[in-house]
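Q: Pasting final.cif here (mmCIF, N, CA and C atoms):
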data_protein
#
loop_
_atom_site.label_atom_id
_atom_site.label_comp_id
_atom_site.auth_asym_id
_atom_site.auth_seq_id
_atom_site.Cartn_x
_atom_site.Cartn_y
_atom_site.Cartn_z
N MET A 1 105.12 48.98 100.94
CA MET A 1 104.99 49.77 102.13
C MET A 1 106.10 49.43 103.13
N ASP A 2 106.46 48.17 103.21
CA ASP A 2 107.51 47.76 104.13
C ASP A 2 108.88 48.24 103.68
N ASP A 3 109.02 48.57 102.40
CA ASP A 3 110.31 49.04 101.89
C ASP A 3 110.61 50.46 102.38
N PHE A 4 109.59 51.23 102.69
CA PHE A 4 109.79 52.62 103.12
C PHE A 4 110.06 52.75 104.62
N ALA A 5 109.76 51.77 105.40
CA ALA A 5 109.94 51.84 106.85
C ALA A 5 111.40 52.06 107.24
N PRO A 6 112.37 51.29 106.69
CA PRO A 6 113.77 51.55 107.06
C PRO A 6 114.25 52.92 106.58
N VAL A 7 113.83 53.33 105.40
CA VAL A 7 114.24 54.64 104.87
C VAL A 7 113.66 55.75 105.76
N PHE A 8 112.40 55.60 106.14
CA PHE A 8 111.77 56.57 107.01
C PHE A 8 112.46 56.64 108.37
N ALA A 9 112.83 55.49 108.93
CA ALA A 9 113.49 55.44 110.23
C ALA A 9 114.86 56.12 110.15
N ILE A 10 115.60 55.86 109.08
CA ILE A 10 116.93 56.47 108.91
C ILE A 10 116.80 57.99 108.74
N MET A 11 115.82 58.43 107.94
CA MET A 11 115.59 59.87 107.76
C MET A 11 115.20 60.53 109.08
N ALA A 12 114.37 59.85 109.86
CA ALA A 12 113.94 60.41 111.14
C ALA A 12 115.12 60.55 112.09
N ILE A 13 116.02 59.57 112.10
CA ILE A 13 117.16 59.60 113.01
C ILE A 13 118.20 60.64 112.58
N PHE A 14 118.52 60.68 111.28
CA PHE A 14 119.62 61.54 110.82
C PHE A 14 119.20 62.92 110.35
N ILE A 15 117.93 63.13 110.09
CA ILE A 15 117.47 64.45 109.65
C ILE A 15 116.50 65.05 110.67
N GLY A 16 115.49 64.33 111.03
CA GLY A 16 114.45 64.85 111.92
C GLY A 16 114.93 65.14 113.32
N LEU A 17 115.62 64.18 113.92
CA LEU A 17 116.08 64.34 115.30
C LEU A 17 117.08 65.50 115.45
N PRO A 18 118.11 65.62 114.58
CA PRO A 18 118.99 66.79 114.71
C PRO A 18 118.25 68.11 114.48
N TRP A 19 117.27 68.11 113.55
CA TRP A 19 116.53 69.34 113.30
C TRP A 19 115.75 69.76 114.56
N VAL A 20 115.10 68.82 115.23
CA VAL A 20 114.34 69.13 116.44
C VAL A 20 115.29 69.62 117.54
N ILE A 21 116.42 68.96 117.69
CA ILE A 21 117.39 69.36 118.72
C ILE A 21 117.91 70.77 118.44
N MET A 22 118.31 71.04 117.20
CA MET A 22 118.82 72.37 116.86
C MET A 22 117.73 73.45 117.02
N HIS A 23 116.51 73.11 116.67
CA HIS A 23 115.41 74.06 116.80
C HIS A 23 115.25 74.49 118.26
N TYR A 24 115.23 73.54 119.17
CA TYR A 24 115.03 73.88 120.57
C TYR A 24 116.26 74.51 121.21
N ILE A 25 117.44 74.18 120.73
CA ILE A 25 118.65 74.87 121.21
C ILE A 25 118.58 76.34 120.82
N THR A 26 118.18 76.63 119.60
CA THR A 26 118.05 78.01 119.14
C THR A 26 116.99 78.75 119.96
N LYS A 27 115.86 78.12 120.21
CA LYS A 27 114.80 78.74 121.03
C LYS A 27 115.31 79.03 122.43
N TRP A 28 116.07 78.10 122.99
CA TRP A 28 116.59 78.26 124.34
C TRP A 28 117.57 79.44 124.41
N LYS A 29 118.44 79.57 123.40
CA LYS A 29 119.42 80.65 123.40
C LYS A 29 118.76 82.01 123.20
N THR A 30 117.78 82.11 122.34
CA THR A 30 117.13 83.40 122.12
C THR A 30 116.26 83.79 123.30
N ALA A 31 115.73 82.84 124.03
CA ALA A 31 114.90 83.16 125.19
C ALA A 31 115.76 83.68 126.34
N ALA A 32 117.03 83.36 126.38
CA ALA A 32 117.91 83.76 127.47
C ALA A 32 118.51 85.14 127.28
N THR A 33 118.27 85.78 126.15
CA THR A 33 118.86 87.09 125.90
C THR A 33 117.84 88.19 126.16
N ILE A 34 118.35 89.38 126.41
CA ILE A 34 117.49 90.55 126.62
C ILE A 34 117.32 91.23 125.28
N THR A 35 116.08 91.48 124.91
CA THR A 35 115.81 92.14 123.64
C THR A 35 115.93 93.65 123.80
N THR A 36 115.88 94.35 122.69
CA THR A 36 115.95 95.80 122.71
C THR A 36 114.77 96.39 123.46
N ASP A 37 113.60 95.80 123.29
CA ASP A 37 112.41 96.26 124.01
C ASP A 37 112.60 96.09 125.52
N ASP A 38 113.23 94.98 125.92
CA ASP A 38 113.49 94.77 127.34
C ASP A 38 114.45 95.82 127.88
N GLU A 39 115.48 96.17 127.11
CA GLU A 39 116.42 97.19 127.54
C GLU A 39 115.75 98.54 127.69
N VAL A 40 114.87 98.88 126.75
CA VAL A 40 114.14 100.14 126.83
C VAL A 40 113.26 100.16 128.07
N LEU A 41 112.57 99.07 128.33
CA LEU A 41 111.70 98.98 129.50
C LEU A 41 112.52 99.10 130.79
N LEU A 42 113.66 98.44 130.86
CA LEU A 42 114.51 98.54 132.04
C LEU A 42 115.01 99.96 132.26
N GLU A 43 115.37 100.64 131.18
CA GLU A 43 115.84 102.02 131.32
C GLU A 43 114.70 102.93 131.79
N GLU A 44 113.50 102.74 131.26
CA GLU A 44 112.35 103.52 131.72
C GLU A 44 112.07 103.27 133.20
N LEU A 45 112.13 102.01 133.61
CA LEU A 45 111.90 101.69 135.02
C LEU A 45 112.98 102.29 135.91
N TYR A 46 114.21 102.29 135.44
CA TYR A 46 115.31 102.88 136.21
C TYR A 46 115.09 104.38 136.37
N ASN A 47 114.71 105.06 135.29
CA ASN A 47 114.45 106.50 135.38
C ASN A 47 113.27 106.80 136.29
N LEU A 48 112.25 105.98 136.24
CA LEU A 48 111.10 106.14 137.12
C LEU A 48 111.51 105.96 138.58
N ALA A 49 112.34 104.96 138.85
CA ALA A 49 112.80 104.72 140.22
C ALA A 49 113.63 105.90 140.73
N LYS A 50 114.47 106.49 139.87
CA LYS A 50 115.25 107.65 140.27
C LYS A 50 114.34 108.82 140.62
N ARG A 51 113.31 109.06 139.79
CA ARG A 51 112.38 110.16 140.07
C ARG A 51 111.61 109.92 141.36
N LEU A 52 111.18 108.68 141.58
CA LEU A 52 110.46 108.37 142.82
C LEU A 52 111.37 108.52 144.04
N ASP A 53 112.63 108.18 143.91
CA ASP A 53 113.58 108.36 145.01
C ASP A 53 113.74 109.83 145.34
N GLU A 54 113.84 110.66 144.32
CA GLU A 54 113.95 112.10 144.55
C GLU A 54 112.68 112.65 145.21
N ARG A 55 111.53 112.16 144.79
CA ARG A 55 110.27 112.60 145.41
C ARG A 55 110.20 112.18 146.87
N MET A 56 110.62 110.96 147.18
CA MET A 56 110.62 110.51 148.57
C MET A 56 111.56 111.35 149.42
N ASP A 57 112.71 111.70 148.87
CA ASP A 57 113.63 112.58 149.59
C ASP A 57 112.96 113.92 149.91
N THR A 58 112.25 114.46 148.94
CA THR A 58 111.57 115.73 149.13
C THR A 58 110.48 115.61 150.19
N VAL A 59 109.68 114.56 150.11
CA VAL A 59 108.61 114.36 151.10
C VAL A 59 109.20 114.20 152.49
N GLU A 60 110.26 113.44 152.63
CA GLU A 60 110.86 113.24 153.94
C GLU A 60 111.44 114.54 154.49
N ARG A 61 112.04 115.37 153.62
CA ARG A 61 112.56 116.66 154.08
C ARG A 61 111.42 117.56 154.54
N LEU A 62 110.29 117.57 153.81
CA LEU A 62 109.15 118.39 154.20
C LEU A 62 108.56 117.93 155.53
N VAL A 63 108.40 116.62 155.70
CA VAL A 63 107.86 116.10 156.95
C VAL A 63 108.82 116.37 158.10
N ALA A 64 110.12 116.21 157.87
CA ALA A 64 111.11 116.47 158.91
C ALA A 64 111.13 117.94 159.31
N SER A 65 110.89 118.83 158.36
CA SER A 65 110.87 120.25 158.71
C SER A 65 109.63 120.61 159.52
N ASP A 66 108.52 119.90 159.31
CA ASP A 66 107.29 120.16 160.07
C ASP A 66 107.29 119.46 161.42
N ASN A 67 107.94 118.33 161.52
CA ASN A 67 107.91 117.53 162.74
C ASN A 67 109.34 117.18 163.13
N PRO A 68 109.88 117.83 164.17
CA PRO A 68 111.28 117.57 164.55
C PRO A 68 111.52 116.16 165.09
N ASP A 69 110.48 115.45 165.52
CA ASP A 69 110.65 114.09 166.03
C ASP A 69 110.65 113.03 164.93
N PHE A 70 110.47 113.44 163.70
CA PHE A 70 110.40 112.50 162.58
C PHE A 70 111.77 111.89 162.33
N LYS A 71 111.81 110.57 162.30
CA LYS A 71 113.05 109.84 161.98
C LYS A 71 112.79 109.02 160.73
N PRO A 72 113.35 109.41 159.60
CA PRO A 72 113.09 108.65 158.36
C PRO A 72 113.70 107.25 158.44
N ALA A 73 112.94 106.29 157.97
CA ALA A 73 113.42 104.91 157.96
C ALA A 73 114.32 104.65 156.76
N ARG A 74 114.22 105.52 155.78
CA ARG A 74 115.02 105.35 154.56
C ARG A 74 116.42 105.91 154.76
N ILE A 75 117.21 105.76 153.72
CA ILE A 75 118.53 106.35 153.73
C ILE A 75 118.40 107.87 153.70
N GLN A 76 119.42 108.55 154.16
CA GLN A 76 119.33 110.00 154.24
C GLN A 76 119.53 110.63 152.87
N HIS A 77 119.02 111.84 152.74
CA HIS A 77 119.00 112.55 151.47
C HIS A 77 120.41 112.88 150.98
N ASP A 78 120.67 112.52 149.74
CA ASP A 78 121.87 112.91 148.99
C ASP A 78 123.19 112.66 149.72
N ARG A 79 123.31 111.51 150.37
CA ARG A 79 124.61 111.15 150.92
C ARG A 79 125.40 110.47 149.81
N ASP A 80 126.69 110.74 149.73
CA ASP A 80 127.52 110.17 148.67
C ASP A 80 127.52 108.65 148.68
N ILE A 81 127.59 108.08 149.86
CA ILE A 81 127.65 106.62 149.94
C ILE A 81 126.34 105.98 149.47
N ASP A 82 125.22 106.65 149.67
CA ASP A 82 123.93 106.13 149.21
C ASP A 82 123.74 106.29 147.71
N ASN A 83 124.30 107.34 147.15
CA ASN A 83 124.11 107.61 145.73
C ASN A 83 125.15 106.94 144.84
N GLN A 84 126.15 106.30 145.43
CA GLN A 84 127.20 105.66 144.63
C GLN A 84 126.66 104.58 143.70
N PRO A 85 125.76 103.67 144.14
CA PRO A 85 125.23 102.67 143.20
C PRO A 85 124.47 103.32 142.03
N LEU A 86 123.76 104.41 142.29
CA LEU A 86 123.06 105.09 141.20
C LEU A 86 124.04 105.70 140.20
N ARG A 87 125.11 106.27 140.71
CA ARG A 87 126.12 106.83 139.80
C ARG A 87 126.76 105.73 138.94
N GLU A 88 126.98 104.58 139.56
CA GLU A 88 127.56 103.45 138.82
C GLU A 88 126.62 103.00 137.71
N LEU A 89 125.32 102.91 138.00
CA LEU A 89 124.34 102.55 136.97
C LEU A 89 124.29 103.60 135.87
N ASP A 90 124.33 104.87 136.25
CA ASP A 90 124.35 105.93 135.24
C ASP A 90 125.57 105.81 134.33
N ARG A 91 126.71 105.50 134.93
CA ARG A 91 127.94 105.36 134.15
C ARG A 91 127.82 104.19 133.18
N LEU A 92 127.29 103.07 133.65
CA LEU A 92 127.14 101.89 132.79
C LEU A 92 126.16 102.16 131.65
N LEU A 93 125.07 102.86 131.95
CA LEU A 93 124.12 103.21 130.89
C LEU A 93 124.76 104.13 129.86
N ALA A 94 125.55 105.10 130.32
CA ALA A 94 126.22 106.02 129.39
C ALA A 94 127.22 105.28 128.51
N GLU A 95 127.94 104.33 129.09
CA GLU A 95 128.91 103.54 128.30
C GLU A 95 128.19 102.70 127.26
N LYS A 96 127.06 102.15 127.61
CA LYS A 96 126.31 101.29 126.69
C LYS A 96 125.76 102.10 125.51
N LYS A 97 125.31 103.33 125.80
CA LYS A 97 124.76 104.17 124.73
C LYS A 97 125.86 104.74 123.83
N GLY A 98 127.05 104.88 124.37
CA GLY A 98 128.14 105.43 123.59
C GLY A 98 128.19 106.95 123.74
N PRO A 99 129.19 107.57 123.11
CA PRO A 99 129.31 109.02 123.22
C PRO A 99 128.18 109.73 122.49
N ARG A 100 127.73 110.80 123.11
CA ARG A 100 126.64 111.58 122.49
C ARG A 100 127.23 112.64 121.57
N PRO A 101 126.63 112.81 120.41
CA PRO A 101 127.19 113.80 119.46
C PRO A 101 126.90 115.21 119.88
#
Let's see the structure in the file written out as structure tokens.
A:
Amino acid sequence: MDDFAPVFAIMAIFIGLPWVIMHYITKWKTAATITTDDEVLLEELYNLAKRLDERMDTVERLVASDNPDFKPARIQHDRDIDNQPLRELDRLLAEKKGPRP
């Protein structure tokens, strides 16, 4: 039994320890990446946010037309400077998807 202790210790140091280290390095790297499901979810959330923004613009225009004293706290409807970040995101999404056939 005492003959196996040094062999076991050497195997643990040179085989077991590197295996554990490599295992957790791999887990760490895969946890830091965005999966395809995450990308799909982000795109759905982005589209939902765009639709909600358009709805808020519509609601604010309707309220402003009914009440001349209404001052919207949000950004104004369809100003180029306000829509520039959305256009940039649309462009990046289009580049990621590639050309459409």
Q: Check what the PyMOL selection byres (((chain A and resi 43-50 and name CA) around 12) and name CA) selects in the file above and give those residues as an NGL selection string.
A: :A and (36-42 or 51-57 or 83 or 85-87 or 89-90 or 92-94 or 96-97)
Q: Can you tell me how far atom CA of Ile15 of chain A sits from atom N of Trp28 of chain A, in Å to one decimal?
A: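 Interatomic distance here is 19.1 Å.
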Q: Atom CA of Lys71 of chain A to atom C of Thr58 of chain A: how many Å, to one decimal?
A: 13.4 Å
Q: To one decimal place, how far is atom C of Ile81 of chain A from atom CA of Leu62 of chain A in Å?
A: 21.7 Å
Q: Check the DSSP output for the backbone and give back, as a PyMOL selection string, the residues of chain A in alpha helix (DSSP H).
A: chain A and resi 4-11+17-31+36-66+80-97
